[in-house]
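Data from work-v8.tsv: TSV, C-alpha atoms
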chain	number	residue	atom	x	y	z
H	1	MET	CA	-18.71	3.90	-19.25
H	2	MET	CA	-21.89	4.20	-17.25
H	3	TYR	CA	-21.09	7.82	-16.36
H	4	VAL	CA	-20.62	8.63	-20.04
H	5	LYS	CA	-24.03	7.18	-20.90
H	6	VAL	CA	-25.70	9.16	-18.14
H	7	LEU	CA	-23.97	12.36	-19.26
H	8	MET	CA	-25.10	11.81	-22.86
H	9	MET	CA	-28.69	11.27	-21.69
H	10	VAL	CA	-28.62	14.52	-19.70
H	11	ILE	CA	-27.26	16.42	-22.72
H	12	ALA	CA	-29.88	14.88	-24.98
H	13	ILE	CA	-32.68	15.85	-22.62
H	14	TRP	CA	-31.37	19.41	-22.32
H	15	PHE	CA	-31.38	19.96	-26.08
H	16	VAL	CA	-34.63	18.15	-26.84
H	17	PRO	CA	-37.03	20.41	-28.79
H	18	MET	CA	-40.09	21.52	-26.86
H	19	THR	CA	-42.71	19.46	-28.69
H	20	TYR	CA	-45.93	17.65	-27.99
H	21	SER	CA	-46.43	13.95	-28.77
H	22	ASN	CA	-48.02	14.80	-32.11
H	23	GLY	CA	-44.92	16.68	-33.21
H	24	ALA	CA	-46.41	20.17	-32.86
H	25	LYS	CA	-44.13	22.76	-31.38
H	26	ALA	CA	-45.04	23.76	-27.86
H	27	PRO	CA	-45.68	27.46	-27.20
H	28	ALA	CA	-43.32	29.31	-24.92
H	29	GLY	CA	-44.01	28.56	-21.30
H	30	ASP	CA	-45.79	25.28	-22.04
H	31	VAL	CA	-44.72	21.89	-20.79
H	32	ALA	CA	-43.21	19.51	-23.30
H	33	GLU	CA	-42.87	15.77	-23.35
H	34	ALA	CA	-39.38	14.36	-23.09
H	35	PRO	CA	-38.10	11.36	-25.04
H	36	GLY	CA	-38.89	8.07	-23.41
H	37	ALA	CA	-41.89	9.50	-21.60
H	38	ASP	CA	-43.59	6.10	-21.81
H	39	ALA	CA	-41.02	4.87	-19.35
H	40	PHE	CA	-42.34	7.47	-16.90
H	41	ASN	CA	-46.01	6.58	-17.32
H	42	ASN	CA	-46.32	9.21	-20.04
H	43	ASP	CA	-45.84	11.99	-17.52
H	44	ARG	CA	-45.42	15.29	-19.36
H	45	TYR	CA	-42.81	17.62	-18.06
H	46	ASP	CA	-40.24	20.19	-19.02
H	47	ALA	CA	-36.97	18.31	-18.62
H	48	ARG	CA	-34.99	21.51	-18.20
H	49	SER	CA	-37.26	22.55	-15.38
H	50	THR	CA	-36.53	19.25	-13.68
H	51	PHE	CA	-32.81	20.09	-13.55
H	52	TYR	CA	-32.83	23.88	-13.30
H	53	GLY	CA	-36.23	24.94	-12.03
H	54	ASP	CA	-39.11	26.47	-13.93
H	55	ILE	CA	-37.22	28.38	-16.65
H	56	HIS	CA	-40.38	30.06	-17.97
H	57	GLY	CA	-42.05	31.09	-14.73
H	58	GLY	CA	-38.95	31.51	-12.61
H	59	ASP	CA	-37.52	29.05	-10.13
H	60	THR	CA	-40.58	27.65	-8.36
H	61	LEU	CA	-38.67	26.44	-5.35
H	62	LYS	CA	-36.96	29.79	-5.02
H	63	LYS	CA	-40.30	31.57	-5.18
H	64	LYS	CA	-41.76	29.35	-2.47
H	65	GLU	CA	-38.73	29.93	-0.28
H	66	GLU	CA	-39.00	33.69	-0.81
H	67	GLU	CA	-42.70	33.60	0.07
H	68	LYS	CA	-41.88	31.61	3.19
H	69	MET	CA	-39.19	34.08	4.21
H	70	THR	CA	-41.56	37.00	3.61
H	71	THR	CA	-44.16	35.40	5.87
H	72	GLN	CA	-41.60	34.62	8.56
H	73	ASN	CA	-40.19	38.14	8.47
H	74	LYS	CA	-43.53	39.88	8.77
H	75	GLU	CA	-44.62	41.13	12.16
H	76	MET	CA	-46.79	38.61	13.95
H	77	GLU	CA	-50.39	39.58	14.62
H	78	VAL	CA	-51.39	39.09	18.22
H	79	VAL	CA	-54.88	38.94	19.69
H	80	LYS	CA	-56.03	42.29	21.05
H	81	ASP	CA	-58.30	42.98	24.01
H	82	LEU	CA	-58.10	39.42	25.30
H	83	ASP	CA	-60.69	38.77	28.02
H	84	LEU	CA	-58.32	37.37	30.59
H	85	GLU	CA	-61.08	36.10	32.89
H	86	ARG	CA	-62.61	34.08	30.06
H	87	TYR	CA	-59.19	32.77	29.12
H	88	MET	CA	-58.60	31.29	32.56
H	89	GLY	CA	-59.14	27.63	33.31
H	90	ARG	CA	-57.89	24.42	31.77
H	91	TRP	CA	-56.51	24.05	28.26
H	92	TYR	CA	-55.49	20.78	26.62
H	93	GLU	CA	-52.47	20.67	24.36
H	94	ILE	CA	-53.59	19.35	20.97
H	95	ALA	CA	-50.23	19.80	19.25
H	96	SER	CA	-46.92	21.57	19.75
H	97	LEU	CA	-43.48	22.01	18.29
H	98	PRO	CA	-41.03	19.63	20.01
H	99	SER	CA	-39.30	21.29	22.93
H	100	ILE	CA	-36.50	20.31	25.28
H	101	PHE	CA	-38.63	21.73	28.08
H	102	GLN	CA	-41.33	19.07	27.77
H	103	PRO	CA	-41.07	15.29	28.21
H	104	LYS	CA	-40.70	13.68	24.79
H	105	ASN	CA	-43.32	10.98	25.37
H	106	GLY	CA	-45.75	12.99	27.47
H	107	ILE	CA	-49.48	12.36	27.11
H	108	ASP	CA	-52.58	14.17	28.39
H	109	THR	CA	-50.56	17.39	28.45
H	110	ARG	CA	-52.49	20.40	29.71
H	111	ALA	CA	-52.20	23.83	31.25
H	112	THR	CA	-54.36	25.39	33.96
H	113	TYR	CA	-54.45	29.16	34.45
H	114	THR	CA	-55.75	30.97	37.53
H	115	LEU	CA	-56.15	34.76	37.68
H	116	ASN	CA	-54.78	36.53	40.73
H	117	PRO	CA	-56.21	39.75	42.23
H	118	ASP	CA	-53.16	41.70	41.06
H	119	GLY	CA	-53.72	40.69	37.43
H	120	THR	CA	-50.95	38.09	37.27
H	121	VAL	CA	-51.73	34.49	36.40
H	122	ASP	CA	-50.77	31.29	38.18
H	123	VAL	CA	-49.64	28.67	35.68
H	124	LEU	CA	-49.75	24.91	36.20
H	125	ASN	CA	-48.39	22.74	33.38
H	126	GLU	CA	-48.94	18.99	33.58
H	127	THR	CA	-48.20	15.91	31.51
H	128	TRP	CA	-48.04	12.18	32.14
H	129	ASN	CA	-44.94	10.20	31.25
H	130	SER	CA	-44.68	6.43	31.89
H	131	GLY	CA	-47.60	6.69	34.29
H	132	LYS	CA	-46.06	9.51	36.29
H	133	ARG	CA	-47.45	13.01	36.51
H	134	VAL	CA	-44.81	15.58	35.56
H	135	PHE	CA	-45.61	19.18	36.35
H	136	ILE	CA	-44.21	22.64	36.89
H	137	GLN	CA	-45.75	25.77	38.36
H	138	GLY	CA	-45.07	29.33	37.38
H	139	SER	CA	-46.62	32.72	36.83
H	140	ALA	CA	-47.52	34.92	33.87
H	141	TYR	CA	-47.93	38.66	33.45
H	142	LYS	CA	-48.47	41.09	30.61
H	143	THR	CA	-45.30	42.22	28.88
H	144	ASP	CA	-46.68	45.75	28.64
H	145	PRO	CA	-49.59	46.43	31.01
H	146	LYS	CA	-50.64	49.44	28.91
H	147	SER	CA	-50.83	47.49	25.64
H	148	ASP	CA	-54.03	45.91	24.34
H	149	GLU	CA	-52.06	43.04	22.80
H	150	ALA	CA	-52.12	39.56	24.36
H	151	LYS	CA	-48.36	39.37	24.91
H	152	PHE	CA	-47.31	37.78	28.16
H	153	LYS	CA	-44.17	36.72	29.96
H	154	VAL	CA	-44.21	33.35	31.71
H	155	LYS	CA	-41.75	32.75	34.55
H	156	PHE	CA	-40.70	29.43	36.04
H	157	TYR	CA	-38.00	28.52	38.51
H	158	VAL	CA	-35.52	25.72	37.87
H	159	PRO	CA	-34.04	23.22	38.51
H	160	PRO	CA	-36.95	21.14	39.83
H	161	PHE	CA	-35.11	19.89	42.92
H	162	LEU	CA	-34.02	23.43	43.88
H	163	PRO	CA	-36.15	26.01	42.02
H	164	ILE	CA	-34.09	29.15	42.52
H	165	ILE	CA	-33.14	30.15	38.98
H	166	PRO	CA	-35.84	32.14	37.14
H	167	VAL	CA	-36.49	31.25	33.50
H	168	THR	CA	-38.71	33.61	31.54
H	169	GLY	CA	-40.29	33.08	28.14
H	170	ASP	CA	-42.72	34.80	25.79
H	171	TYR	CA	-46.34	33.70	25.55
H	172	TRP	CA	-48.24	35.35	22.70
H	173	VAL	CA	-51.87	34.55	21.98
H	174	LEU	CA	-51.92	34.54	18.17
H	175	TYR	CA	-55.51	33.39	17.80
H	176	ILE	CA	-58.54	32.60	19.89
H	177	ASP	CA	-62.01	31.81	18.63
H	178	PRO	CA	-65.00	33.95	19.71
H	179	GLU	CA	-66.16	31.26	22.14
H	180	TYR	CA	-62.74	30.94	23.79
H	181	GLN	CA	-62.59	27.23	22.97
H	182	HIS	CA	-59.47	27.05	20.78
H	183	ALA	CA	-56.24	29.01	20.83
H	184	VAL	CA	-52.92	29.26	19.01
H	185	ILE	CA	-49.97	30.25	21.17
H	186	GLY	CA	-46.55	31.28	19.89
H	187	GLN	CA	-43.65	33.60	20.48
H	188	PRO	CA	-41.57	36.03	18.37
H	189	SER	CA	-38.79	33.65	17.33
H	190	ARG	CA	-41.35	31.07	16.12
H	191	SER	CA	-39.34	28.37	17.88
H	192	TYR	CA	-42.33	27.32	19.96
H	193	LEU	CA	-45.96	26.77	19.07
H	194	TRP	CA	-48.93	25.32	20.91
H	195	ILE	CA	-52.39	24.45	19.68
H	196	LEU	CA	-54.75	24.48	22.67
H	197	SER	CA	-58.36	23.47	23.20
H	198	ARG	CA	-60.83	23.38	26.07
H	199	THR	CA	-61.49	19.73	25.16
H	200	ALA	CA	-58.97	16.93	24.85
H	201	HIS	CA	-59.92	16.31	21.22
H	202	VAL	CA	-60.90	18.56	18.32
H	203	GLU	CA	-62.52	17.93	14.96
H	204	GLU	CA	-60.08	17.49	12.09
H	205	GLU	CA	-61.52	20.49	10.25
H	206	THR	CA	-61.07	22.67	13.32
H	207	TYR	CA	-57.49	21.43	13.67
H	208	LYS	CA	-56.73	22.34	10.06
H	209	GLN	CA	-58.13	25.83	10.59
H	210	LEU	CA	-55.90	26.30	13.63
H	211	LEU	CA	-52.90	25.16	11.60
H	212	GLU	CA	-53.79	27.72	8.93
H	213	LYS	CA	-53.72	30.43	11.58
H	214	ALA	CA	-50.21	29.34	12.55
H	215	VAL	CA	-49.06	29.26	8.93
H	216	GLU	CA	-50.38	32.80	8.44
H	217	GLU	CA	-48.03	33.87	11.23
H	218	GLY	CA	-45.02	32.29	9.54
H	219	TYR	CA	-44.85	28.92	11.27
H	220	ASP	CA	-43.65	25.72	9.62
H	221	VAL	CA	-46.36	23.35	10.84
H	222	SER	CA	-44.79	20.31	9.18
H	223	LYS	CA	-42.72	19.88	12.35
H	224	LEU	CA	-45.76	20.03	14.63
H	225	HIS	CA	-46.25	17.05	16.93
H	226	LYS	CA	-49.76	15.95	17.88
H	227	THR	CA	-50.11	15.37	21.60
H	228	PRO	CA	-51.77	12.05	22.60
H	229	GLN	CA	-54.83	12.72	24.72
H	230	SER	CA	-56.90	10.09	26.52
H	231	ASP	CA	-60.62	9.79	25.97
H	232	THR	CA	-60.95	10.28	29.73
H	233	PRO	CA	-58.16	12.69	30.78
H	234	PRO	CA	-57.04	12.65	34.43
H	235	GLU	CA	-59.40	14.74	36.53
H	236	SER	CA	-57.29	15.36	39.59
H	237	ASN	CA	-54.30	17.66	39.81
H	238	ALA	CA	-52.63	15.06	41.97
H	239	ALA	CA	-51.57	11.54	41.03
H	240	PRO	CA	-49.39	8.76	42.42
H	241	ASN	CA	-45.69	9.17	41.76
H	242	ASP	CA	-45.88	12.90	41.12
H	243	THR	CA	-42.68	14.32	39.69
H	244	LYS	CA	-41.87	18.01	39.65
H	245	ASP	CA	-39.88	18.49	36.49
H	246	GLN	CA	-38.63	21.04	34.00
H	247	MET	CA	-41.74	21.45	31.89
H	248	LEU	CA	-42.16	24.94	30.54
H	249	LYS	CA	-44.92	26.43	28.41
Would you mind writing the file's structure down as structure tokens?
Amino acid sequence: MMYVKVLMMVIAIWFVPMTYSNGAKAPAGDVAEAPGADAFNNDRYDARSTFYGDIHGGDTLKKKEEEKMTTQNKEMEVVKDLDLERYMGRWYEIASLPSIFQPKNGIDTRATYTLNPDGTVDVLNETWNSGKRVFIQGSAYKTDPKSDEAKFKVKFYVPPFLPIIPVTGDYWVLYIDPEYQHAVIGQPSRSYLWILSRTAHVEEETYKQLLEKAVEEGYDVSKLHKTPQSDTPPESNAAPNDTKDQMLK
């Protein structure tokens, strides 16, 4: 019996005339008030849109999904003419997409880059997990030495206890501010994303701007995880109970 009542309510809502509270007929494309609106705090809505999408302006959800797909399918814009010497040094991870290559509960996560005479870069990734320093070392080099785009390959060797198997990943600089203080790092599949800063903390407004840069490149930032950073990050590269682990970036 309950199912019958619900079905009758749905049918009644579907056929309700598009009218305002005063009885005037609503123009095409306008939002009408459904019967029993008082029960919904007098919210005004198009009941048919609730069940079938926006019938006047097209399916809103479908449009948003199409826009998202368009953004994700577009070619990513990468920083050009990156000053590699200025880019070197320590960067703190402000946020990232969860990755199996990084400890789940890591804090004070950071990366330190050192330029070599041959143009390659030494990479040191560190994080602290349960009081232990977890780190991995690798190297980076330009994907195409003749290109002006900041597209790099980063190579690490695994497993930690016998690092003999090379693992290579993409490292694309999608954004860097003029002062080389904040950066957005991604890769072509958009499976990985890092928000980096020269300082362990950034202003909320700056963080939002960096997220916008990622969104412009087709990233879903709703899955981004903020990395806990101490007010006084560890200063030394060494720490008691060091653990060499599979931590890639």
*Computed interatomic separation between CA of Asp108 (chain H) and CA of Thr168 (chain H) (Å)*: 24.1 Å
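The coordinates place CA of Leu82 (chain H) at 10.0 Å from CA of Tyr175 (chain H).
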*Do a neighbour search on Gly119 (chain H) at 12 Å with all atoms listed in the file, toss out local chain neighbours closer than 4 positions, and write the hits as a list in words.*
Asp83, Leu84, Glu85, Met88, Tyr113, Thr114, Leu115, Ser139, Ala140, Tyr141, Lys142, Pro145 and Phe152 of chain H
*Looking at only C-alpha atoms, which of H:His201, H:Gly169, H:Glu216, H:Ala150 is the one that sits closest to Gly138 (chain H)?*
H:Gly169
*Would you list the contacts of Arg110 (chain H) as a PyMOL selection string, taking every protein, DNA or RNA residue within 9 Å and counting all atoms listed in the file, but skipping same-chain residues closer than 3 positions in sequence?*
chain H and resi 90-94+107+124-127+196+200
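Here CA of Gln181 (chain H) is placed at a distance of 14.9 Å from CA of Ala95 (chain H).
Of the residues under consideration (H:Ser96, H:Asn129, H:Ser189, H:Ser147), H:Ser189 shows the shortest atom-to-atom contact distance to Lys74 (chain H) when counting only C-alpha atoms.
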*Which residue, H:Ile176, H:Gln102, H:Gly186, H:Asp81, has the smallest gap to Leu210 (chain H) when you use only C-alpha atoms?*
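For Leu210 (chain H), the nearest of the candidates is H:Ile176.
In this comparison, which uses all atoms listed in the file, the residue of H:Tyr171, H:Tyr87, H:Tyr157, H:Tyr207 approaching Tyr192 (chain H) most closely is H:Tyr171.
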Counting all atoms listed in the file, which residues sit no farther than 12 Å from the position (-41.2, 31.0, 36.7) in the file's frame? I'd like them as a compact mmCIF listing (two decimals) with C-alpha atoms, in the coordinates of the input.
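Done, and the output landed in selection_21.txt:
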# COMPACT_ATOMS: atom_id res chain seq x y z
CA VAL H 121 -51.73 34.49 36.40
CA ASP H 122 -50.77 31.29 38.18
CA VAL H 123 -49.64 28.67 35.68
CA LEU H 124 -49.75 24.91 36.20
CA ASN H 125 -48.39 22.74 33.38
CA ILE H 136 -44.21 22.64 36.89
CA GLN H 137 -45.75 25.77 38.36
CA GLY H 138 -45.07 29.33 37.38
CA SER H 139 -46.62 32.72 36.83
CA ALA H 140 -47.52 34.92 33.87
CA TYR H 141 -47.93 38.66 33.45
CA LYS H 153 -44.17 36.72 29.96
CA VAL H 154 -44.21 33.35 31.71
CA LYS H 155 -41.75 32.75 34.55
CA PHE H 156 -40.70 29.43 36.04
CA TYR H 157 -38.00 28.52 38.51
CA VAL H 158 -35.52 25.72 37.87
CA PRO H 159 -34.04 23.22 38.51
CA PRO H 160 -36.95 21.14 39.83
CA PRO H 163 -36.15 26.01 42.02
CA ILE H 164 -34.09 29.15 42.52
CA ILE H 165 -33.14 30.15 38.98
CA PRO H 166 -35.84 32.14 37.14
CA VAL H 167 -36.49 31.25 33.50
CA THR H 168 -38.71 33.61 31.54
CA GLY H 169 -40.29 33.08 28.14
CA ASP H 170 -42.72 34.80 25.79
CA GLN H 246 -38.63 21.04 34.00
CA MET H 247 -41.74 21.45 31.89
CA LEU H 248 -42.16 24.94 30.54
CA LYS H 249 -44.92 26.43 28.41
